[in-house]
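Asker: What follows is a single structure, and I will ask about it in a moment.
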Amino acid sequence: MFRRRADREFRDAQLAGQAMLQMHATWQAPDFASPAAEPAPPAQGGGIEEVPDFPPPDLRVPSRHEVEGLMMRWEQPLVIDGEVRECPQCGAYRDWIVCSMRDDTIWLRCRAGHNTAEPRLDPAWYNRNSGPVDHFHPTLDDGLRHLGH
């Protein structure tokens with residue numbers, strides 16, 4: 001008994017939906033003037049139209065090749081190929097600043113200020129493990145100060 005009633009309600013809803021679709025198909029579209037039909041005003045300056053820069057220069061972000069490098073904090077021990085990476089000068093094994101340079105090299109800087117290249121890491125590793133760029137700094141010292149080193 002309930003099934004026949006549900007089937008009938010479903011068929012009625014389908015018929016109402018089809019009637020609505022047929023009604024919309026027969027409606028006439030409003031008669032709007034198309035923007036392309038309006039004549040464009042003549043361009044000044046010899047027929048060359050200047051297009052404003054978008055986005056404005058103060059909202060643009062430098063590309064990766066316009067900056068010297070990117071840096072991030074790495075507070076936990078850095079494990080590369082199953083081995084904990086230590087600073088060769090002081091033996092520190094945590095609280096690194098990882099720098100990805102424009103020439104595709106990765107440098108590590110310990111809390112004591114020792115810099116060492118890490119050939120086993122590459123920019124792809126850096127991109128996978130870093131977050132979005134949130135600040136740009138004019139000097140390395142400003143960037144290190146921002147990251148707490």
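If you're wondering about the labels, chains in the structure tokens are A, B, ... by order shown, residues count from 1 in each chain, ligands from 1 in order shown.
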Excluding stretch 112-126 of chain A and its own-chain neighbours fewer than 4 positions away, which residues fall within 10 Å of it when counting only C-alpha atoms? Please give them as a list in words.

Answerer: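 My list of contacting residues is Leu70, Met71, Met72, Ile80, Asp81, Arg85, Cys87, Pro88, Gln89, Cys90, Ala92, Trp96, Ile97, Val98, Cys99, Ser100, Met101, Arg102, Asp103, Asp104, Thr105, Ile106, Trp107, Leu108, Ser130, Gly131 and His149 of chain A.
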
Asker: Based on DSSP run over this structure's backbone, return all residues of chain A in alpha helix (DSSP H), as number ranges by chain.

Answerer: A: 2-26, 123-129, 140-146

Asker: From the set A:Glu75, A:Val61, A:Glu86, A:Gly69, which residue has the shortest atom-to-atom contact distance to A:Asp134, counting only C-alpha atoms?

Answerer: A:Val61

Asker: If you run DSSP on the backbone, which residues of stretch 6-133 of chain A are strand (DSSP E or B), as a list of chain:residue names?

Answerer: A:Gly69, A:Leu70, A:Met71, A:Met72, A:Arg73, A:Trp74, A:Val79, A:Ile80, A:Glu83, A:Val84, A:Trp96, A:Ile97, A:Val98, A:Cys99, A:Ser100, A:Met101, A:Ile106, A:Trp107, A:Leu108, A:Arg109, A:Asn115, A:Thr116, A:Ala117

Asker: Quick one: distance from atom CA of A:Ser63 to atom CA of A:Phe136 in Å, one decimal?

Answerer: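 These two atoms are separated by 11.3 Å.
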